[in-house]
Amino acid sequence: MNRKVTFIILMMSLTLFLSGCWSKKELTDLAIVAALGVDKTEDGKYTMTLQIINPGNVAGGMRGGGGGTQSPPVTIYSSTGDNLVEASRRASSKISRRLYYAHTNLVVVGEDFAREEGVTMLIDAIDRDHEFRITTTMVIANHSTAEDLLRTLTPVDKIPANKVLKTLEFSQKKWGQNVKTSIQDVMKGLQSSDRATVVSGFRIVGNPKHASQLENIQESEPESTLQASGIAIIKDGKLVDWSYGKTARGTVWIRDEIQGTDINIDWKEKKEVIAYQTDRQKTNVSGEVKNGQPHISIHTRVEGSIGEMEVPVDITDGKMISQMEQKVEEEIKGEIKKAIEQAQSNKTDIFGFDEVIRRSRPADWNKLEAMWGDVYFPELKVDITVEAYIRRAGLRNKSFLSSLEEE
């Protein structure tokens with residue numbers, strides 16, 4: 001009996017040390033921010049655009065209300081201030097709930113803001129906020145403002161921020177001309193000796209005014225949509241140039257961030273008639289210093305398969321395979337070379353060559369570091385080696401077109 005009483009007293013005493021729900025947050029009191037955009041006004045102030053989720057509309061789809069009206073899945077709020085913190089605080093006068101940034105997955109920077117102001121101040125504000133995650137994805141609005149991009153309604157993905165994130169993810173896996181970069185990735189790049197990095201671009205295709213209207217997502221073929229567009233080259237926190245197409249893919253090759261892509265090669269004076277699909281790829285970068293001059297070697301190995309042939313080719317002949325592999329190697333090597341030339345013209349080491357030299361020759365790097373961006377990198381000698389292999393040809397070795405030609 002005494003043991004039972006002692007146990008009860010002990011349990012009751014332990015309850016005094018329980019903290020309770022002192023930091024509870026009711027969902028009905030929170031405005032969940034899916035995406036945040038930053039632009040700069042003509043008078044030098046900062047405009048913050050918030051894409052806030054409407055939970056009921058997302059869960060139930062586009063519902064008809066009284067009188068047949070419909071509501072979008074997100075609501076857009078904008079506010080202006082002398083700094084980002086002030087702009088965020090000012091937004092509270094328009095919203096009946098507390099802004100909640102813990103689920104913010106996307107930060108959009110307007111192109112003009114990225115060129116003139118740069119992203120460093122924005123990153124500092126985000127890094128100091130205890131709710132914001134530095135794993136959040138960052139994109140640059142290509143030839144657009146962040147506000148216009150965030151106002152665009154998308155038909156398949158109800159939340160536009162998710163549309164941007166998924167597009168970047170699948171584009172990197174299948175096409176290879178974009179990279180999905182987080183705020184943490186940008187921070188690391190800007191902390192390198194050359195203070196350079198890359199960020200993917202996104203743009204509006206169509207009329208920005210129509211993009212924000214409900215009619216845009218009620219059409220079978222939306223008039224306006226969002227599309228991944230290029231890679232932004234960032235130097236000292238500011239946008240200095242855009243890289244597009246094969247040049248952008250060359251950048252991704254060097255950074256070893258290609259997850260999958262398609263390479264079209266020429267055959268017998270016909271342009272881009274054979275499609276080569278990559279399955280596995282790896283790029284290694286090594287560096288050394290010769291007679292006081294840095295030297296970089298890039299080795300890329302790729303394995304893939306034939307996806308399509310618009311010309312009759314009998315690939316049971318080993319010589320045909322070798323010729324195709326050589327053409328793939330030449331194409332990849334050309335893309336890498338274009339990417340290096342663009343970066344050198346901008347004096348922006350977005351590939352991390354400085355880190356390669358520092359790790360391999362730390363003593364020599366101490367002499368090179370001060371003039372790396374202005375002297376050594378623009379004149380850097382780079383050897384490029386590409387090995388390409390065709391491992392599969394689909395379900396058919398001899399082309400269907402070959403049999404037709406024989407008949």
# chains A, B, ... in the order shown; residues from 1 in each chain; ligands from 1
>>> closest_atom_pairs(of="region 87-167 of chain A", to="region 242-248 of chain A", cutoff="12 Å", atoms="only C-alpha atoms", output="CSV")
residue,atom,partner,partner_atom,distance
A:Glu111,CA,A:Trp242,CA,10.6
A:Ala114,CA,A:Trp242,CA,11.9
A:Arg115,CA,A:Trp242,CA,11.2
A:Ile140,CA,A:Trp242,CA,10.3
A:Ala141,CA,A:Trp242,CA,11.4
A:Asn142,CA,A:Trp242,CA,8.8
A:His143,CA,A:Trp242,CA,10.5
>>> residues_around(residues="Ala228 (chain A)", least_positions_apart="4", cutoff="12 Å", atoms="only C-alpha atoms", output="NGL selection string")
:A and (139-142 or 149 or 163-172 or 175-180 or 199-205 or 232 or 244-245)
>>> residues_around(residues="Asp194 (chain A)", least_positions_apart="6", cutoff="9 Å", atoms="only C-alpha atoms", output="list in words")
Lys235, Asp236, Thr348, Asp349, Ile350, Gly352, Asp354, Glu369, Trp372 and Gly373 of chain A
>>> atom_distance(atom1="CA of Glu310 (chain A)", atom2="CA of Ile390 (chain A)")
17.1 Å
>>> select_by_dssp(residues="region 78-156 of chain A", states="alpha helix (DSSP H)", output="list in words")
Leu84, Val85, Glu86, Ala87, Ser88, Arg89, Arg90, Ala91, Glu111, Asp112, Phe113, Ala114, Arg115, Glu116, Thr120, Met121, Leu122, Ile123, Asp124, Ala125, Ile126, Asp127, Arg128, Ala146, Glu147, Asp148, Leu149, Leu150 and Arg151 of chain A
>>> write_last_selection(atoms="C-alpha atoms", output="CSV table (one decimal), in the first residue's frame")
chain,number,residue,atom,x,y,z
A,84,LEU,CA,12.8,43.0,-46.4
A,85,VAL,CA,11.9,42.8,-42.7
A,86,GLU,CA,9.9,46.0,-42.9
A,87,ALA,CA,8.1,44.8,-46.1
A,88,SER,CA,7.2,41.5,-44.3
A,89,ARG,CA,5.9,43.4,-41.2
A,90,ARG,CA,3.9,45.8,-43.4
A,91,ALA,CA,2.1,42.8,-45.0
A,111,GLU,CA,15.8,40.0,-62.7
A,112,ASP,CA,16.3,43.7,-62.1
A,113,PHE,CA,16.7,43.2,-58.4
A,114,ALA,CA,19.3,40.4,-59.0
A,115,ARG,CA,21.3,42.7,-61.4
A,116,GLU,CA,21.2,45.9,-59.4
A,120,THR,CA,23.3,38.6,-50.7
A,121,MET,CA,21.0,40.8,-48.6
A,122,LEU,CA,18.0,38.6,-49.2
A,123,ILE,CA,20.0,35.5,-48.2
A,124,ASP,CA,21.1,37.3,-45.0
A,125,ALA,CA,17.5,38.0,-44.0
A,126,ILE,CA,16.4,34.4,-44.7
A,127,ASP,CA,19.4,33.0,-42.9
A,128,ARG,CA,18.6,35.0,-39.7
A,146,ALA,CA,9.1,38.0,-59.2
A,147,GLU,CA,5.6,39.4,-58.6
A,148,ASP,CA,4.4,38.6,-62.1
A,149,LEU,CA,5.9,35.1,-61.9
A,150,LEU,CA,4.3,34.4,-58.5
A,151,ARG,CA,0.9,35.7,-59.7
>>> closest_residue(among="A:Lys158, A:Arg392, A:His130, A:Lys238", to="Glu308 (chain A)", atoms="only C-alpha atoms")
A:Arg392
>>> select_by_dssp(residues="region 81-147 of chain A", states="strand (DSSP E or B)", output="PyMOL selection string")
chain A and resi 81+98-100+106-109+137-141
>>> closest_residue(among="A:Arg359, A:Ile217, A:Ile134, A:Ile263", to="Pro160 (chain A)", atoms="only C-alpha atoms")
A:Ile217
>>> closest_residue(among="A:Leu214, A:Pro208, A:Ser93, A:Ala196", to="Ser71 (chain A)", atoms="only C-alpha atoms")
A:Leu214
>>> residues_around(residues="Gly44 (chain A)", least_positions_apart="4", cutoff="12 Å", atoms="only C-alpha atoms", output="number ranges by chain")
A: 39-40, 80-83, 112-113, 116-117
>>> residues_around(residues="region 276-286 of chain A", least_positions_apart="6", cutoff="10 Å", atoms="only C-alpha atoms", output="PyMOL selection string")
chain A and resi 174-175+252-265+295-309+324-325+328+351-353+356-357+359-360+382-393
>>> closest_residue(among="A:Val107, A:Leu27, A:Leu99, A:Glu355", to="Ser192 (chain A)", atoms="only C-alpha atoms")
A:Glu355
>>> residues_around(residues="Val186 (chain A)", least_positions_apart="2", cutoff="9 Å", atoms="only C-alpha atoms", output="short mmCIF file (atom, residue, chain, number, x, y, z; two decimals) with N, CA and C atoms, in the first residue's frame")
data_model
loop_
_atom_site.label_atom_id
_atom_site.label_comp_id
_atom_site.auth_asym_id
_atom_site.auth_seq_id
_atom_site.Cartn_x
_atom_site.Cartn_y
_atom_site.Cartn_z
N ILE A 123 19.58 36.74 -48.84
CA ILE A 123 20.03 35.51 -48.18
C ILE A 123 20.30 35.77 -46.70
N MET A 138 15.87 28.46 -54.79
CA MET A 138 15.89 29.84 -55.30
C MET A 138 15.92 29.82 -56.82
N THR A 181 18.82 24.70 -57.43
CA THR A 181 19.74 25.19 -56.41
C THR A 181 18.99 25.73 -55.22
N SER A 182 19.46 25.38 -54.05
CA SER A 182 18.86 25.87 -52.80
C SER A 182 19.60 27.13 -52.35
N ILE A 183 19.03 27.80 -51.39
CA ILE A 183 19.69 28.98 -50.82
C ILE A 183 21.02 28.57 -50.21
N GLN A 184 21.08 27.40 -49.62
CA GLN A 184 22.33 26.90 -49.06
C GLN A 184 23.40 26.72 -50.13
N LYS A 188 27.05 28.73 -50.38
CA LYS A 188 28.35 28.07 -50.52
C LYS A 188 29.12 28.62 -51.70
N GLY A 189 28.41 28.84 -52.83
CA GLY A 189 29.07 29.38 -54.00
C GLY A 189 29.62 30.77 -53.78
N LEU A 190 28.84 31.61 -53.08
CA LEU A 190 29.26 32.99 -52.83
C LEU A 190 30.36 33.08 -51.78
N GLN A 191 30.55 32.00 -51.02
CA GLN A 191 31.61 31.98 -50.02
C GLN A 191 32.92 31.42 -50.57
N ALA A 196 31.33 33.08 -56.85
CA ALA A 196 30.51 32.88 -58.04
C ALA A 196 29.67 31.62 -57.89
N THR A 197 28.48 31.62 -58.50
CA THR A 197 27.61 30.46 -58.45
C THR A 197 26.59 30.57 -59.57
N VAL A 198 25.68 29.61 -59.64
CA VAL A 198 24.62 29.62 -60.65
C VAL A 198 23.27 29.41 -59.98
N VAL A 199 22.22 29.96 -60.62
CA VAL A 199 20.85 29.79 -60.16
C VAL A 199 19.98 29.62 -61.40
N ILE A 234 25.93 34.14 -61.41
CA ILE A 234 25.99 35.08 -60.30
C ILE A 234 27.45 35.33 -59.91
N GLY A 237 27.34 38.03 -55.82
CA GLY A 237 25.94 38.14 -55.42
C GLY A 237 25.02 38.72 -56.47
#
>>> atom_distance(atom1="CA of Tyr376 (chain A)", atom2="CA of Ala339 (chain A)")
17.0 Å
>>> closest_residue(among="A:Thr154, A:Gln326, A:Thr316, A:Asn2", to="Asp266 (chain A)", atoms="only C-alpha atoms")
A:Gln326
>>> atom_distance(atom1="CA of Leu36 (chain A)", atom2="CA of Leu50 (chain A)")
4.9 Å
